[in-house]
Structures are given as structure tokens and as C-alpha cells.
Amino acid sequence: MEFRSPNTDLEFEAYYELRWRVLRKPWGQARGTEHDEYDGKATHIAAFNDSRNLVGGGRLQLVEDKLGQVRYMAVEPNSRNQGIGQSILLCLEKLAREKGMMKIFLDAREQAVGFYKNNGYSVTDSSYLLFGEIQHSRMEKQL
């Protein structure tokens with residue numbers, strides 16, 4: 001497994017396709033909703049399997065001095081429970097430290113709270129309700 005930023009237009013297309021298919025399509029959201037205005041300034045990490053297929057991804061953005069946010073974490077359903085999400089998260093945390101960030105926060109979907117707790121994040125508050133049905137929790141980790 002290789003963990004790195006997507007480099008080519010085709011790799012970025014696959015990265016955004018995964019984000020849409022895993023994080024938006026199941027709730028009837030249109031293509032394009034997997035992007036936001038921070039994508040161009042953020043750091044992206046993708047997981048490529050031995051066949052060079054993109055199977056996971058996540059994003060780190062600087063929010064303010066020494067504070068980062070992880071967003072858009074997604075792993076192909078048939079590639080889950082293999083440590084891919086954890087490896088992506090560790091890569092993002094390493095990049096955050098290299099950029100001088102001291103803390104990361106994120107908004108985790110209910111079913112992902114346990115994953116983040118297992119990786120050292122703590123729930124600090126309830127967060128938003130996405131698409132009227134997916135409750136999120138605000139979580140953070142000191143680096």
C-alpha cells in the first residue's frame with residue numbers, strides 16, 4: 001500500500017470520485033458536493049493498493065495558527081478494516097506536525113467516533129446534523 005498525495009489529474013479525479021461515492025452519493029447528494037473552497041489550499045493523502053487503484057483518502061487543512069482540521073476521510077467499503085484509514089490519519093497527523101500544527105479537530109460521523117477514539121481523539125462536543133440524518137461529533141487531538 002502506498003500513501004501519498006494524488007499527483008495527476010486522473011489520480012485527483014479518482015480521489016474526488018471516491019469522496020463523492022462514499023460520503024455523498026448514499027444520501028442522494030449531487031456530484032460536486034464532494035468539493036469545497038478549501039481543496040486547493042489543503043493537503044490531500046490517498047491510499048493506493050498494489051494494483052495502483054485509489055482505495056482511500058483524507059484531507060488536512062490549516063484553520064488557524066497551529067490548528068488543523070481533518071476532513072473527507074473515506075475508504076472503499078471493500079477495503080475497510082485493513083488499517084488503511086488509520087494509515088491515512090497517521091500521514092495527515094505527521095504532515096500537521098511538520099507544518100507546526102499543535103492540535104487537530106474533526107467532525108466525525110456517529111459510526112466513525114470509535115475509530116477516532118481508538119486513534120487518540122476525544123469527543124469535545126456534539127456537532128452538526130448532515131443531510132438531516134447523519135449526526136456528527138466534534139473531536140480533537142493534541143499533537
# chains A, B, ... in the order shown; residues from 1 in each chain; ligands from 1
$ closest_atom_pairs --of "range 43-97 of chain A" --to "range 18-31 of chain A" --cutoff "9 Å" --atoms "only C-alpha atoms" --output "JSON lines"
{"residue": "A:Leu54", "atom": "CA", "partner": "A:Leu18", "partner_atom": "CA", "distance": 8.2}
{"residue": "A:Val55", "atom": "CA", "partner": "A:Leu18", "partner_atom": "CA", "distance": 7.8}
{"residue": "A:Gly56", "atom": "CA", "partner": "A:Leu18", "partner_atom": "CA", "distance": 7.4}
{"residue": "A:Gly57", "atom": "CA", "partner": "A:Arg19", "partner_atom": "CA", "distance": 7.8}
{"residue": "A:Gly58", "atom": "CA", "partner": "A:Arg19", "partner_atom": "CA", "distance": 8.7}
{"residue": "A:Tyr72", "atom": "CA", "partner": "A:Arg19", "partner_atom": "CA", "distance": 6.6}
{"residue": "A:Met73", "atom": "CA", "partner": "A:Arg19", "partner_atom": "CA", "distance": 7.8}
{"residue": "A:Ala74", "atom": "CA", "partner": "A:Arg19", "partner_atom": "CA", "distance": 6.2}
{"residue": "A:Val75", "atom": "CA", "partner": "A:Val22", "partner_atom": "CA", "distance": 7.6}
{"residue": "A:Glu76", "atom": "CA", "partner": "A:Val22", "partner_atom": "CA", "distance": 7.2}
{"residue": "A:Pro77", "atom": "CA", "partner": "A:Val22", "partner_atom": "CA", "distance": 8.0}
$ write_last_selection --atoms "N, CA and C atoms" --output "compact mmCIF listing (two decimals), in the first residue's frame"
# COMPACT_ATOMS: atom_id res chain seq x y z
N LEU A 54 -6.80 3.68 -6.31
CA LEU A 54 -7.01 4.52 -5.14
C LEU A 54 -8.13 3.89 -4.30
N VAL A 55 -7.83 3.60 -3.03
CA VAL A 55 -8.79 2.92 -2.16
C VAL A 55 -9.15 3.72 -0.91
N GLY A 56 -8.54 4.89 -0.73
CA GLY A 56 -8.86 5.69 0.44
C GLY A 56 -8.26 7.07 0.32
N GLY A 57 -8.77 7.98 1.14
CA GLY A 57 -8.23 9.34 1.12
C GLY A 57 -8.71 10.17 2.28
N GLY A 58 -8.03 11.27 2.49
CA GLY A 58 -8.40 12.22 3.53
C GLY A 58 -7.67 13.53 3.29
N TYR A 72 -13.13 14.82 5.07
CA TYR A 72 -13.32 13.95 3.90
C TYR A 72 -12.56 12.63 3.98
N MET A 73 -12.50 12.04 5.15
CA MET A 73 -11.89 10.71 5.28
C MET A 73 -12.83 9.68 4.67
N ALA A 74 -12.30 8.88 3.74
CA ALA A 74 -13.11 7.86 3.08
C ALA A 74 -12.24 6.69 2.67
N VAL A 75 -12.77 5.48 2.85
CA VAL A 75 -12.10 4.26 2.40
C VAL A 75 -13.14 3.43 1.65
N GLU A 76 -12.69 2.83 0.55
CA GLU A 76 -13.57 1.95 -0.22
C GLU A 76 -14.19 0.92 0.73
N PRO A 77 -15.49 0.67 0.61
CA PRO A 77 -16.13 -0.30 1.52
C PRO A 77 -15.45 -1.67 1.54
$ select_by_dssp --residues "chain A" --states "alpha helix (DSSP H)" --output "MDAnalysis selection string"
chainID A and resid 9:23 84:98 113:118
$ write_last_selection --atoms "N, CA and C atoms" --output "tab-separated table (two decimals), in the first residue's frame"
chain	number	residue	atom	x	y	z
A	9	ASP	N	-3.96	14.51	-12.77
A	9	ASP	CA	-5.39	14.80	-12.91
A	9	ASP	C	-6.23	13.54	-12.73
A	10	LEU	N	-5.78	12.42	-13.28
A	10	LEU	CA	-6.52	11.16	-13.14
A	10	LEU	C	-6.58	10.71	-11.68
A	11	GLU	N	-5.48	10.87	-10.95
A	11	GLU	CA	-5.49	10.49	-9.54
A	11	GLU	C	-6.43	11.39	-8.74
A	12	PHE	N	-6.42	12.68	-9.03
A	12	PHE	CA	-7.35	13.57	-8.33
A	12	PHE	C	-8.80	13.27	-8.71
A	13	GLU	N	-9.06	12.91	-9.95
A	13	GLU	CA	-10.42	12.50	-10.35
A	13	GLU	C	-10.87	11.29	-9.55
A	14	ALA	N	-9.98	10.29	-9.41
A	14	ALA	CA	-10.32	9.09	-8.63
A	14	ALA	C	-10.53	9.44	-7.16
A	15	TYR	N	-9.74	10.36	-6.65
A	15	TYR	CA	-9.84	10.79	-5.25
A	15	TYR	C	-11.19	11.46	-4.99
A	16	TYR	N	-11.57	12.38	-5.85
A	16	TYR	CA	-12.86	13.06	-5.67
A	16	TYR	C	-14.03	12.13	-5.95
A	17	GLU	N	-13.87	11.21	-6.87
A	17	GLU	CA	-14.91	10.22	-7.15
A	17	GLU	C	-15.16	9.37	-5.90
A	18	LEU	N	-14.09	8.95	-5.24
A	18	LEU	CA	-14.23	8.17	-4.01
A	18	LEU	C	-14.96	8.99	-2.95
A	19	ARG	N	-14.57	10.24	-2.77
A	19	ARG	CA	-15.23	11.10	-1.78
A	19	ARG	C	-16.72	11.20	-2.07
A	20	TRP	N	-17.07	11.40	-3.33
A	20	TRP	CA	-18.49	11.53	-3.67
A	20	TRP	C	-19.22	10.20	-3.43
A	21	ARG	N	-18.65	9.12	-3.94
A	21	ARG	CA	-19.32	7.82	-3.89
A	21	ARG	C	-19.53	7.33	-2.45
A	22	VAL	N	-18.55	7.58	-1.56
A	22	VAL	CA	-18.63	7.09	-0.18
A	22	VAL	C	-19.33	8.08	0.74
A	23	LEU	N	-19.06	9.37	0.57
A	23	LEU	CA	-19.54	10.36	1.53
A	23	LEU	C	-20.77	11.15	1.10
A	84	ILE	N	-6.20	0.93	6.57
A	84	ILE	CA	-5.99	1.98	5.57
A	84	ILE	C	-6.37	3.34	6.14
A	85	GLY	N	-7.54	3.43	6.75
A	85	GLY	CA	-7.98	4.70	7.33
A	85	GLY	C	-7.01	5.18	8.40
A	86	GLN	N	-6.55	4.26	9.24
A	86	GLN	CA	-5.60	4.63	10.29
A	86	GLN	C	-4.30	5.13	9.68
A	87	SER	N	-3.83	4.48	8.63
A	87	SER	CA	-2.58	4.91	8.00
A	87	SER	C	-2.73	6.29	7.37
A	88	ILE	N	-3.87	6.55	6.75
A	88	ILE	CA	-4.13	7.88	6.18
A	88	ILE	C	-4.11	8.92	7.29
A	89	LEU	N	-4.80	8.62	8.39
A	89	LEU	CA	-4.87	9.55	9.51
A	89	LEU	C	-3.47	9.81	10.08
A	90	LEU	N	-2.66	8.79	10.21
A	90	LEU	CA	-1.29	8.97	10.72
A	90	LEU	C	-0.46	9.83	9.77
A	91	CYS	N	-0.64	9.65	8.47
A	91	CYS	CA	0.06	10.51	7.49
A	91	CYS	C	-0.37	11.96	7.64
A	92	LEU	N	-1.67	12.19	7.81
A	92	LEU	CA	-2.17	13.55	7.97
A	92	LEU	C	-1.65	14.18	9.25
A	93	GLU	N	-1.59	13.41	10.34
A	93	GLU	CA	-1.07	13.92	11.60
A	93	GLU	C	0.42	14.26	11.48
A	94	LYS	N	1.17	13.41	10.78
A	94	LYS	CA	2.60	13.68	10.57
A	94	LYS	C	2.77	14.98	9.79
A	95	LEU	N	1.98	15.16	8.75
A	95	LEU	CA	2.05	16.40	7.97
A	95	LEU	C	1.68	17.61	8.83
A	96	ALA	N	0.68	17.43	9.69
A	96	ALA	CA	0.26	18.52	10.57
A	96	ALA	C	1.42	18.94	11.48
A	97	ARG	N	2.10	17.97	12.06
A	97	ARG	CA	3.25	18.29	12.92
A	97	ARG	C	4.34	19.02	12.12
A	98	GLU	N	4.60	18.53	10.90
A	98	GLU	CA	5.63	19.16	10.06
A	98	GLU	C	5.26	20.60	9.72
A	113	VAL	N	-16.92	7.56	15.24
A	113	VAL	CA	-16.42	8.07	16.52
A	113	VAL	C	-15.48	7.06	17.18
A	114	GLY	N	-15.83	5.80	17.20
A	114	GLY	CA	-14.99	4.77	17.80
A	114	GLY	C	-13.63	4.67	17.13
A	115	PHE	N	-13.61	4.77	15.81
A	115	PHE	CA	-12.35	4.75	15.06
A	115	PHE	C	-11.43	5.87	15.53
A	116	TYR	N	-11.97	7.07	15.62
A	116	TYR	CA	-11.14	8.21	16.03
A	116	TYR	C	-10.73	8.12	17.49
A	117	LYS	N	-11.62	7.63	18.36
A	117	LYS	CA	-11.24	7.43	19.76
A	117	LYS	C	-10.07	6.46	19.85
A	118	ASN	N	-10.11	5.39	19.06
A	118	ASN	CA	-9.01	4.41	19.05
A	118	ASN	C	-7.71	5.01	18.55
$ atom_distance --atom1 "CA of Lys103 in chain A" --atom2 "CA of Gly120 in chain A"
11.7 Å
$ residues_around --residues "Leu67 in chain A" --least-positions-apart "3" --cutoff "10 Å" --atoms "only C-alpha atoms" --output "ChimeraX atom specification"
/A:61-64,96,99-105,142-143
$ closest_residue --among "A:Gln69, A:Gln135, A:Ser79, A:Ser122" --to "Asn53 in chain A" --atoms "only C-alpha atoms"
A:Ser79
$ residues_around --residues "Ser127 in chain A" --least-positions-apart "4" --cutoff "7 Å" --atoms "only C-alpha atoms" --output "number ranges by chain"
A: 107, 136-138
$ select_by_dssp --residues "range 4-138 of chain A" --states "strand (DSSP E or B)" --output "ChimeraX atom specification"
/A:4,43-48,54-64,67-75,103-109,122-130,134-138
$ write_last_selection --atoms "N, CA and C atoms" --output "short mmCIF file (atom, residue, chain, number, x, y, z; two decimals), in the first residue's frame"
data_model
loop_
_atom_site.label_atom_id
_atom_site.label_comp_id
_atom_site.auth_asym_id
_atom_site.auth_seq_id
_atom_site.Cartn_x
_atom_site.Cartn_y
_atom_site.Cartn_z
N ARG A 4 0.21 8.70 -0.26
CA ARG A 4 0.81 9.93 -0.77
C ARG A 4 -0.30 10.82 -1.33
N THR A 43 -3.98 19.86 2.13
CA THR A 43 -3.09 18.74 1.82
C THR A 43 -3.94 17.49 1.75
N HIS A 44 -3.76 16.72 0.69
CA HIS A 44 -4.55 15.51 0.46
C HIS A 44 -3.64 14.29 0.53
N ILE A 45 -4.13 13.24 1.17
CA ILE A 45 -3.41 11.96 1.20
C ILE A 45 -4.36 10.90 0.66
N ALA A 46 -3.83 10.07 -0.23
CA ALA A 46 -4.59 8.97 -0.79
C ALA A 46 -3.84 7.67 -0.56
N ALA A 47 -4.61 6.59 -0.50
CA ALA A 47 -4.04 5.25 -0.37
C ALA A 47 -4.21 4.53 -1.71
N PHE A 48 -3.11 4.02 -2.22
CA PHE A 48 -3.11 3.28 -3.48
C PHE A 48 -2.72 1.84 -3.19
N LEU A 54 -6.80 3.68 -6.31
CA LEU A 54 -7.01 4.52 -5.14
C LEU A 54 -8.13 3.89 -4.30
N VAL A 55 -7.83 3.60 -3.03
CA VAL A 55 -8.79 2.92 -2.16
C VAL A 55 -9.15 3.72 -0.91
N GLY A 56 -8.54 4.89 -0.73
CA GLY A 56 -8.86 5.69 0.44
C GLY A 56 -8.26 7.07 0.32
N GLY A 57 -8.77 7.98 1.14
CA GLY A 57 -8.23 9.34 1.12
C GLY A 57 -8.71 10.17 2.28
N GLY A 58 -8.03 11.27 2.49
CA GLY A 58 -8.40 12.22 3.53
C GLY A 58 -7.67 13.53 3.29
N ARG A 59 -8.13 14.56 3.99
CA ARG A 59 -7.60 15.90 3.76
C ARG A 59 -7.29 16.60 5.07
N LEU A 60 -6.21 17.39 5.05
CA LEU A 60 -5.81 18.23 6.18
C LEU A 60 -5.80 19.67 5.72
N GLN A 61 -6.42 20.53 6.51
CA GLN A 61 -6.37 21.96 6.19
C GLN A 61 -6.00 22.74 7.44
N LEU A 62 -5.26 23.81 7.22
CA LEU A 62 -4.91 24.73 8.29
C LEU A 62 -6.12 25.63 8.53
N VAL A 63 -6.59 25.69 9.78
CA VAL A 63 -7.75 26.50 10.12
C VAL A 63 -7.29 27.85 10.67
N GLU A 64 -6.36 27.79 11.58
CA GLU A 64 -5.74 28.99 12.14
C GLU A 64 -4.39 28.57 12.68
N LEU A 67 -3.58 25.14 14.34
CA LEU A 67 -4.79 24.33 14.42
C LEU A 67 -5.16 23.81 13.03
N GLY A 68 -5.27 22.49 12.93
CA GLY A 68 -5.65 21.87 11.67
C GLY A 68 -6.97 21.14 11.78
N GLN A 69 -7.54 20.84 10.63
CA GLN A 69 -8.79 20.09 10.58
C GLN A 69 -8.65 18.97 9.56
N VAL A 70 -9.07 17.77 9.95
CA VAL A 70 -9.13 16.63 9.06
C VAL A 70 -10.56 16.55 8.53
N ARG A 71 -10.67 16.36 7.21
CA ARG A 71 -11.99 16.25 6.59
C ARG A 71 -11.95 15.21 5.48
N TYR A 72 -13.13 14.82 5.07
CA TYR A 72 -13.32 13.95 3.90
C TYR A 72 -12.56 12.63 3.98
N MET A 73 -12.50 12.04 5.15
CA MET A 73 -11.89 10.71 5.28
C MET A 73 -12.83 9.68 4.67
N ALA A 74 -12.30 8.88 3.74
CA ALA A 74 -13.11 7.86 3.08
C ALA A 74 -12.24 6.69 2.67
N VAL A 75 -12.77 5.48 2.85
CA VAL A 75 -12.10 4.26 2.40
C VAL A 75 -13.14 3.43 1.65
N LYS A 103 -2.64 21.02 17.27
CA LYS A 103 -3.90 20.34 17.55
C LYS A 103 -4.65 20.13 16.24
N ILE A 104 -5.37 19.00 16.18
CA ILE A 104 -6.25 18.71 15.04
C ILE A 104 -7.65 18.51 15.59
N PHE A 105 -8.63 19.02 14.86
CA PHE A 105 -10.01 18.70 15.19
C PHE A 105 -10.68 18.15 13.94
N LEU A 106 -11.81 17.52 14.16
CA LEU A 106 -12.60 16.97 13.06
C LEU A 106 -14.03 16.80 13.53
N ASP A 107 -14.91 16.62 12.57
CA ASP A 107 -16.32 16.34 12.85
C ASP A 107 -16.59 14.93 12.34
N ALA A 108 -16.75 13.99 13.28
CA ALA A 108 -16.88 12.57 12.94
C ALA A 108 -18.34 12.15 12.87
N ARG A 109 -18.65 11.39 11.84
CA ARG A 109 -19.97 10.76 11.76
C ARG A 109 -20.09 9.77 12.91
N SER A 122 -10.58 12.76 21.18
CA SER A 122 -11.60 12.85 22.23
C SER A 122 -12.78 13.65 21.71
N VAL A 123 -13.96 13.23 22.10
CA VAL A 123 -15.18 13.97 21.77
C VAL A 123 -15.21 15.22 22.64
N THR A 124 -15.38 16.38 22.02
CA THR A 124 -15.44 17.62 22.79
C THR A 124 -16.83 18.23 22.78
N ASP A 125 -17.65 17.84 21.81
CA ASP A 125 -18.99 18.45 21.70
C ASP A 125 -19.78 17.71 20.64
N SER A 126 -21.08 17.93 20.65
CA SER A 126 -21.92 17.48 19.54
C SER A 126 -21.71 18.47 18.41
N SER A 127 -21.82 18.00 17.19
CA SER A 127 -21.61 18.87 16.05
C SER A 127 -22.89 18.91 15.22
N TYR A 128 -22.76 19.08 13.95
CA TYR A 128 -23.92 19.29 13.08
C TYR A 128 -24.59 17.98 12.65
N LEU A 129 -25.79 18.12 12.10
CA LEU A 129 -26.57 17.02 11.54
C LEU A 129 -26.50 17.16 10.02
N LEU A 130 -25.74 16.29 9.37
CA LEU A 130 -25.53 16.38 7.92
C LEU A 130 -26.69 15.72 7.18
N ILE A 134 -27.37 12.52 9.53
CA ILE A 134 -26.09 11.97 9.96
C ILE A 134 -25.51 12.87 11.05
N GLN A 135 -25.66 12.42 12.30
CA GLN A 135 -25.14 13.20 13.42
C GLN A 135 -23.62 13.13 13.45
N HIS A 136 -23.00 14.26 13.73
CA HIS A 136 -21.55 14.35 13.84
C HIS A 136 -21.17 14.76 15.26
N SER A 137 -19.99 14.35 15.67
CA SER A 137 -19.42 14.77 16.95
C SER A 137 -18.12 15.51 16.68
N ARG A 138 -17.91 16.61 17.38
CA ARG A 138 -16.65 17.35 17.29
C ARG A 138 -15.62 16.58 18.12
#
$ atom_distance --atom1 "CA of Phe3 in chain A" --atom2 "CA of Asn49 in chain A"
9.0 Å
